[in-house]
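See below for query-v5.txt, which holds compact mmCIF, N, CA and C atoms.
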```
# COMPACT_ATOMS: atom_id res chain seq x y z
N MET A 18 -7.65 0.53 -16.23
CA MET A 18 -6.98 1.76 -15.81
C MET A 18 -5.50 1.46 -15.57
N THR A 19 -4.64 2.18 -16.19
CA THR A 19 -3.20 1.95 -16.06
C THR A 19 -2.58 2.98 -15.15
N ASP A 20 -1.62 2.52 -14.39
CA ASP A 20 -0.88 3.41 -13.48
C ASP A 20 0.39 3.84 -14.20
N THR A 21 0.54 5.13 -14.47
CA THR A 21 1.71 5.65 -15.19
C THR A 21 2.68 6.34 -14.24
N ARG A 22 2.91 5.72 -13.13
CA ARG A 22 3.86 6.25 -12.15
C ARG A 22 5.25 6.15 -12.76
N PRO A 23 6.06 7.21 -12.66
CA PRO A 23 7.43 7.13 -13.20
C PRO A 23 8.25 6.14 -12.39
N THR A 24 9.02 5.31 -13.08
CA THR A 24 9.86 4.32 -12.41
C THR A 24 11.27 4.36 -12.99
N ILE A 25 12.20 3.76 -12.24
CA ILE A 25 13.60 3.71 -12.64
C ILE A 25 14.21 2.47 -12.00
N ARG A 26 15.28 1.95 -12.60
CA ARG A 26 15.99 0.81 -12.02
C ARG A 26 16.58 1.21 -10.66
N LEU A 27 16.57 0.27 -9.74
CA LEU A 27 17.06 0.54 -8.39
C LEU A 27 18.53 0.93 -8.38
N ASP A 28 19.38 0.20 -9.09
CA ASP A 28 20.81 0.53 -9.10
C ASP A 28 21.06 1.89 -9.72
N LYS A 29 20.31 2.21 -10.75
CA LYS A 29 20.49 3.51 -11.40
C LYS A 29 20.05 4.64 -10.49
N TRP A 30 18.97 4.44 -9.73
CA TRP A 30 18.50 5.50 -8.82
C TRP A 30 19.52 5.72 -7.70
N LEU A 31 20.05 4.63 -7.13
CA LEU A 31 21.05 4.78 -6.06
C LEU A 31 22.28 5.52 -6.55
N TRP A 32 22.65 5.28 -7.80
CA TRP A 32 23.79 5.98 -8.39
C TRP A 32 23.46 7.45 -8.65
N GLN A 33 22.27 7.73 -9.21
CA GLN A 33 21.88 9.12 -9.49
C GLN A 33 21.72 9.94 -8.22
N ALA A 34 21.27 9.30 -7.15
CA ALA A 34 21.10 10.01 -5.88
C ALA A 34 22.42 10.14 -5.11
N ARG A 35 23.50 9.69 -5.72
CA ARG A 35 24.86 9.83 -5.20
C ARG A 35 25.10 9.08 -3.89
N PHE A 36 24.45 7.93 -3.72
CA PHE A 36 24.76 7.09 -2.57
C PHE A 36 25.96 6.21 -2.87
N PHE A 37 26.20 5.91 -4.16
CA PHE A 37 27.33 5.10 -4.57
C PHE A 37 28.07 5.81 -5.69
N LYS A 38 29.38 5.60 -5.73
CA LYS A 38 30.24 6.31 -6.68
C LYS A 38 30.04 5.83 -8.11
N SER A 39 29.69 4.56 -8.29
CA SER A 39 29.48 4.04 -9.63
C SER A 39 28.22 3.18 -9.63
N ARG A 40 27.69 2.98 -10.82
CA ARG A 40 26.49 2.18 -10.94
C ARG A 40 26.80 0.71 -10.66
N SER A 41 27.99 0.27 -11.00
CA SER A 41 28.35 -1.13 -10.72
C SER A 41 28.47 -1.39 -9.22
N LEU A 42 28.94 -0.41 -8.45
CA LEU A 42 28.97 -0.57 -6.99
C LEU A 42 27.55 -0.68 -6.43
N ALA A 43 26.65 0.15 -6.94
CA ALA A 43 25.25 0.09 -6.51
C ALA A 43 24.64 -1.26 -6.88
N ALA A 44 24.91 -1.75 -8.08
CA ALA A 44 24.38 -3.03 -8.52
C ALA A 44 24.94 -4.17 -7.66
N GLY A 45 26.19 -4.06 -7.25
CA GLY A 45 26.80 -5.08 -6.40
C GLY A 45 26.15 -5.16 -5.03
N VAL A 46 25.83 -4.01 -4.46
CA VAL A 46 25.18 -3.99 -3.15
C VAL A 46 23.78 -4.58 -3.26
N VAL A 47 23.06 -4.23 -4.32
CA VAL A 47 21.71 -4.77 -4.51
C VAL A 47 21.78 -6.27 -4.76
N SER A 48 22.71 -6.72 -5.57
CA SER A 48 22.85 -8.15 -5.88
C SER A 48 23.20 -8.96 -4.63
N ALA A 49 23.91 -8.36 -3.71
CA ALA A 49 24.28 -9.03 -2.47
C ALA A 49 23.10 -9.14 -1.51
N GLY A 50 21.97 -8.53 -1.86
CA GLY A 50 20.78 -8.61 -1.01
C GLY A 50 20.82 -7.67 0.17
N LYS A 51 21.58 -6.60 0.08
CA LYS A 51 21.73 -5.67 1.19
C LYS A 51 20.84 -4.45 1.09
N VAL A 52 19.86 -4.49 0.19
CA VAL A 52 18.93 -3.38 0.03
C VAL A 52 17.52 -3.91 0.23
N ARG A 53 16.70 -3.13 0.95
CA ARG A 53 15.29 -3.48 1.13
C ARG A 53 14.44 -2.38 0.51
N VAL A 54 13.41 -2.80 -0.21
CA VAL A 54 12.45 -1.87 -0.78
C VAL A 54 11.13 -2.11 -0.06
N ASP A 55 10.66 -1.11 0.66
CA ASP A 55 9.44 -1.21 1.47
C ASP A 55 9.49 -2.41 2.41
N GLY A 56 10.68 -2.68 2.98
CA GLY A 56 10.84 -3.75 3.95
C GLY A 56 11.10 -5.12 3.36
N THR A 57 11.08 -5.26 2.04
CA THR A 57 11.31 -6.54 1.39
C THR A 57 12.72 -6.58 0.81
N PRO A 58 13.52 -7.60 1.16
CA PRO A 58 14.87 -7.69 0.59
C PRO A 58 14.81 -7.86 -0.93
N VAL A 59 15.71 -7.17 -1.62
CA VAL A 59 15.77 -7.20 -3.08
C VAL A 59 17.15 -7.68 -3.49
N SER A 60 17.22 -8.54 -4.51
CA SER A 60 18.52 -9.01 -4.97
C SER A 60 18.73 -8.78 -6.46
N LYS A 61 17.83 -8.06 -7.11
CA LYS A 61 17.97 -7.78 -8.54
C LYS A 61 18.13 -6.28 -8.76
N PRO A 62 19.25 -5.87 -9.36
CA PRO A 62 19.47 -4.44 -9.61
C PRO A 62 18.43 -3.84 -10.55
N ALA A 63 17.77 -4.67 -11.37
CA ALA A 63 16.80 -4.15 -12.33
C ALA A 63 15.42 -3.93 -11.71
N ARG A 64 15.27 -4.13 -10.40
CA ARG A 64 13.98 -3.91 -9.73
C ARG A 64 13.60 -2.45 -9.91
N VAL A 65 12.36 -2.22 -10.34
CA VAL A 65 11.92 -0.84 -10.58
C VAL A 65 11.40 -0.23 -9.29
N VAL A 66 11.76 1.02 -9.07
CA VAL A 66 11.30 1.78 -7.92
C VAL A 66 10.79 3.12 -8.43
N GLY A 67 10.02 3.78 -7.60
CA GLY A 67 9.49 5.07 -7.98
C GLY A 67 9.17 5.90 -6.75
N PRO A 68 8.59 7.07 -6.96
CA PRO A 68 8.24 7.93 -5.83
C PRO A 68 7.32 7.20 -4.85
N GLY A 69 7.65 7.33 -3.57
CA GLY A 69 6.86 6.70 -2.53
C GLY A 69 7.50 5.46 -1.95
N ASN A 70 8.41 4.83 -2.66
CA ASN A 70 9.09 3.65 -2.13
C ASN A 70 10.08 4.06 -1.04
N VAL A 71 10.21 3.20 -0.03
CA VAL A 71 11.17 3.44 1.06
C VAL A 71 12.29 2.42 0.93
N LEU A 72 13.53 2.91 0.86
CA LEU A 72 14.71 2.05 0.71
C LEU A 72 15.48 2.02 2.03
N THR A 73 15.98 0.84 2.38
CA THR A 73 16.83 0.67 3.55
C THR A 73 18.08 -0.06 3.09
N PHE A 74 19.25 0.52 3.37
CA PHE A 74 20.52 -0.09 2.97
C PHE A 74 21.63 0.43 3.85
N VAL A 75 22.76 -0.27 3.81
CA VAL A 75 23.93 0.11 4.59
C VAL A 75 24.92 0.79 3.67
N GLN A 76 25.45 1.91 4.12
CA GLN A 76 26.47 2.63 3.36
C GLN A 76 27.54 3.11 4.33
N ALA A 77 28.71 2.50 4.23
CA ALA A 77 29.87 2.88 5.05
C ALA A 77 29.53 2.90 6.55
N GLN A 78 29.12 1.77 7.09
CA GLN A 78 28.78 1.57 8.49
C GLN A 78 27.55 2.35 8.96
N ASP A 79 26.86 3.03 8.09
CA ASP A 79 25.64 3.75 8.45
C ASP A 79 24.45 3.09 7.78
N THR A 80 23.36 2.93 8.52
CA THR A 80 22.13 2.40 7.94
C THR A 80 21.32 3.59 7.43
N LYS A 81 21.04 3.58 6.14
CA LYS A 81 20.28 4.66 5.51
C LYS A 81 18.85 4.20 5.29
N VAL A 82 17.91 5.05 5.62
CA VAL A 82 16.50 4.83 5.32
C VAL A 82 16.04 6.08 4.58
N VAL A 83 15.64 5.91 3.32
CA VAL A 83 15.25 7.05 2.49
C VAL A 83 13.94 6.76 1.78
N ARG A 84 13.15 7.80 1.61
CA ARG A 84 11.93 7.72 0.82
C ARG A 84 12.18 8.42 -0.51
N ILE A 85 11.88 7.74 -1.60
CA ILE A 85 12.10 8.29 -2.92
C ILE A 85 11.04 9.34 -3.21
N LEU A 86 11.46 10.54 -3.59
CA LEU A 86 10.55 11.62 -3.95
C LEU A 86 10.43 11.79 -5.46
N ASP A 87 11.52 11.51 -6.18
CA ASP A 87 11.53 11.71 -7.63
C ASP A 87 12.52 10.73 -8.24
N CYS A 88 12.28 10.37 -9.50
CA CYS A 88 13.18 9.45 -10.19
C CYS A 88 14.42 10.14 -10.71
N GLY A 89 14.32 11.35 -11.15
CA GLY A 89 15.47 12.07 -11.68
C GLY A 89 15.74 11.71 -13.13
N ASP A 90 16.45 12.58 -13.81
CA ASP A 90 16.77 12.39 -15.22
C ASP A 90 18.24 12.10 -15.45
N ARG A 91 19.10 12.58 -14.53
CA ARG A 91 20.54 12.45 -14.73
C ARG A 91 21.22 12.45 -13.38
N ARG A 92 22.50 12.14 -13.39
CA ARG A 92 23.30 12.22 -12.17
C ARG A 92 23.91 13.61 -12.12
N GLY A 93 23.22 14.50 -11.47
CA GLY A 93 23.63 15.89 -11.44
C GLY A 93 24.42 16.22 -10.19
N PRO A 94 24.52 17.50 -9.88
CA PRO A 94 25.26 17.94 -8.69
C PRO A 94 24.54 17.50 -7.40
N ALA A 95 25.25 17.59 -6.30
CA ALA A 95 24.74 17.11 -5.01
C ALA A 95 23.40 17.73 -4.61
N PRO A 96 23.18 19.05 -4.74
CA PRO A 96 21.88 19.60 -4.36
C PRO A 96 20.74 19.01 -5.19
N GLU A 97 21.00 18.74 -6.45
CA GLU A 97 19.99 18.13 -7.30
C GLU A 97 19.73 16.68 -6.87
N ALA A 98 20.78 15.98 -6.48
CA ALA A 98 20.64 14.59 -6.03
C ALA A 98 19.90 14.52 -4.70
N GLN A 99 20.12 15.48 -3.80
CA GLN A 99 19.45 15.47 -2.50
C GLN A 99 17.97 15.77 -2.62
N ALA A 100 17.55 16.36 -3.72
CA ALA A 100 16.12 16.62 -3.93
C ALA A 100 15.38 15.37 -4.38
N LEU A 101 16.09 14.29 -4.67
CA LEU A 101 15.45 13.05 -5.12
C LEU A 101 14.91 12.21 -3.97
N TYR A 102 15.31 12.49 -2.73
CA TYR A 102 14.90 11.64 -1.62
C TYR A 102 14.71 12.45 -0.34
N GLU A 103 14.01 11.81 0.60
CA GLU A 103 13.84 12.36 1.95
C GLU A 103 14.54 11.39 2.89
N ASP A 104 15.45 11.89 3.69
CA ASP A 104 16.23 11.05 4.59
C ASP A 104 15.42 10.77 5.85
N LEU A 105 15.14 9.49 6.12
CA LEU A 105 14.39 9.07 7.30
C LEU A 105 15.29 8.37 8.31
N SER A 106 16.59 8.40 8.09
CA SER A 106 17.54 7.69 8.95
C SER A 106 17.54 8.29 10.35
N PRO A 107 17.63 7.42 11.37
CA PRO A 107 17.74 7.94 12.73
C PRO A 107 19.09 8.62 12.93
N VAL A 108 19.10 9.67 13.70
CA VAL A 108 20.34 10.40 13.97
C VAL A 108 21.11 9.65 15.05
N VAL A 109 22.34 9.29 14.74
CA VAL A 109 23.19 8.56 15.68
C VAL A 109 24.37 9.44 16.02
N GLU A 110 24.50 9.73 17.32
CA GLU A 110 25.65 10.53 17.76
C GLU A 110 26.79 9.59 18.04
N ARG A 111 27.95 9.90 17.51
CA ARG A 111 29.13 9.07 17.71
C ARG A 111 30.20 9.86 18.41
N ARG A 112 30.92 9.14 19.24
CA ARG A 112 32.08 9.77 19.86
C ARG A 112 33.19 9.82 18.83
N PRO A 113 33.97 10.85 18.83
CA PRO A 113 35.09 10.90 17.88
C PRO A 113 36.10 9.81 18.22
N TYR A 114 36.65 9.21 17.20
CA TYR A 114 37.64 8.16 17.38
C TYR A 114 38.95 8.79 17.80
N ASN A 115 39.39 8.47 19.01
CA ASN A 115 40.62 9.05 19.53
C ASN A 115 41.33 8.00 20.38
N PRO A 116 42.07 7.10 19.74
CA PRO A 116 42.69 6.02 20.50
C PRO A 116 43.81 6.46 21.41
N GLY A 117 44.44 7.57 21.13
CA GLY A 117 45.60 7.99 21.90
C GLY A 117 45.29 9.00 22.98
N GLY A 118 44.03 9.21 23.28
CA GLY A 118 43.69 10.22 24.27
C GLY A 118 43.93 11.60 23.72
N ASP A 119 44.50 12.48 24.54
CA ASP A 119 44.73 13.85 24.10
C ASP A 119 46.13 14.06 23.55
N ARG A 120 46.94 13.00 23.55
CA ARG A 120 48.28 13.13 23.00
C ARG A 120 48.36 12.36 21.69
N LYS A 121 49.44 12.52 21.00
CA LYS A 121 49.62 11.84 19.71
C LYS A 121 50.74 10.81 19.82
N GLY A 122 50.63 9.75 19.03
CA GLY A 122 51.70 8.79 18.95
C GLY A 122 51.63 7.69 20.00
N ARG A 123 52.71 6.98 20.15
CA ARG A 123 52.75 5.85 21.06
C ARG A 123 53.03 6.30 22.49
N PRO A 124 52.76 5.44 23.48
CA PRO A 124 52.97 5.83 24.87
C PRO A 124 54.44 6.08 25.17
N THR A 125 54.67 7.00 26.06
CA THR A 125 56.04 7.29 26.50
C THR A 125 56.40 6.33 27.63
N LYS A 126 57.66 6.40 28.10
CA LYS A 126 58.08 5.57 29.22
C LYS A 126 57.26 5.89 30.47
N LYS A 127 56.98 7.16 30.67
CA LYS A 127 56.19 7.57 31.83
C LYS A 127 54.78 7.00 31.74
N ASP A 128 54.19 7.03 30.56
CA ASP A 128 52.86 6.45 30.39
C ASP A 128 52.87 4.96 30.70
N ARG A 129 53.90 4.24 30.25
CA ARG A 129 53.99 2.81 30.49
C ARG A 129 54.13 2.52 31.99
N ARG A 130 54.96 3.29 32.68
CA ARG A 130 55.10 3.11 34.12
C ARG A 130 53.78 3.38 34.85
N ASP A 131 53.08 4.41 34.41
CA ASP A 131 51.78 4.71 35.03
C ASP A 131 50.78 3.57 34.80
N MET A 132 50.82 2.98 33.63
CA MET A 132 49.91 1.86 33.35
C MET A 132 50.25 0.66 34.22
N LEU A 133 51.55 0.41 34.44
CA LEU A 133 51.96 -0.72 35.26
C LEU A 133 51.57 -0.54 36.72
N THR A 134 51.59 0.69 37.22
CA THR A 134 51.22 0.92 38.62
C THR A 134 49.73 0.74 38.84
N HIS A 135 48.92 0.82 37.82
CA HIS A 135 47.46 0.68 37.97
C HIS A 135 46.97 -0.74 37.74
N ARG A 136 47.88 -1.68 37.48
CA ARG A 136 47.47 -3.08 37.26
C ARG A 136 47.04 -3.70 38.58
N ALA A 137 46.09 -4.60 38.51
CA ALA A 137 45.63 -5.31 39.70
C ALA A 137 46.57 -6.47 40.00
N ALA A 138 46.58 -6.90 41.25
CA ALA A 138 47.42 -8.03 41.64
C ALA A 138 46.86 -9.30 41.02
N GLY A 139 47.73 -10.15 40.51
CA GLY A 139 47.27 -11.39 39.88
C GLY A 139 46.83 -11.20 38.45
N ASP A 140 47.14 -10.06 37.88
CA ASP A 140 46.81 -9.78 36.49
C ASP A 140 47.62 -10.70 35.58
N PRO A 141 47.01 -11.34 34.57
CA PRO A 141 47.79 -12.27 33.73
C PRO A 141 48.95 -11.59 32.99
N PHE A 142 48.91 -10.29 32.87
CA PHE A 142 50.00 -9.59 32.20
C PHE A 142 50.96 -8.95 33.19
N ASP A 143 50.88 -9.35 34.42
CA ASP A 143 51.75 -8.83 35.45
C ASP A 143 53.17 -9.36 35.23
N LEU A 144 54.14 -8.47 35.16
CA LEU A 144 55.50 -8.86 34.88
C LEU A 144 56.31 -9.17 36.12
N GLU A 145 55.83 -8.84 37.28
CA GLU A 145 56.61 -9.00 38.50
C GLU A 145 56.15 -10.16 39.31
```

Could you rewrite the structure in this file as structure tokens?
Amino acid sequence: MTDTRPTIRLDKWLWQARFFKSRSLAAGVVSAGKVRVDGTPVSKPARVVGPGNVLTFVQAQDTKVVRILDCGDRRGPAPEAQALYEDLSPVVERRPYNPGGDRKGRPTKKDRRDMLTHRAAGDPFDLE
């Protein structure tokens, strides 16, 4: 009895599902060993995957966990690509990056004076 489950190369699927901008970028991530298929690290871009496989990989500081639903025929528009997988990634709430507080630019003289008045005695950066 043969199993005729549809399969596709891992790098090609990652590219078709629009996780990576080019197929060579997807192949590079897989070759670096940064992708897991069903919990097993993979280092060959030609590894075949199909519906039911769970992929874990890092994409731009986010850990993605996706279950493959379909292999797909082409790299189509985003709604078509999103139908190829189910996102199982945990939702992570992040604070917005705001290094300057509520103002923009570098500290003013007043800000610097305020910072100096709040320093503790014996601080290694104490100027006085």

Who sits within 10 Å of Ser41 of chain A, only C-alpha atoms, same chain under 2 positions skipped, as an MDAnalysis selection string = chainID A and resid 28:29 32 37:39 43:47 62

Please indicate the distance in Å from atom C of Val82 of chain A to atom CA of Phe36 of chain A, rounded to one decimal place.
-> 11.3 Å

Box along x, y and z, 5 Å on every side, all listed atoms of segment 62-80 of chain A inside: centre and edge lengths in Å to one decimal, as JSON.
```
{"center_x": 18.4, "center_y": 1.0, "center_z": -1.7, "size_x": 33.0, "size_y": 23.8, "size_z": 31.3}
```

Go through A:Asp131, A:Leu42, A:Ile25, A:Arg112 and flag the residue nearest Val65 of chain A, using only N, CA and C atoms for the distances.
->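 Among A:Asp131, A:Leu42, A:Ile25, A:Arg112, it is A:Ile25 that comes nearest to Val65 of chain A.
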
Would you kindly return, as a list in words, each protein, DNA or RNA residue with an atom no farther than 6.5 Å from any atom of Leu86 of chain A, considering only N, CA and C atoms and excluding same-chain residues fewer than 3 positions away?
->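 What passes the distance filter is Gly67, Pro68, Gly69, Ala100, Leu101, Tyr102 and Glu103 of chain A.
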
Two-atom distance - atom CA of Asp79 of chain A, atom CA of Val108 of chain A (Å) =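 Straight-line distance from atom CA of Asp79 of chain A to atom CA of Val108 of chain A works out to 10.1 Å.
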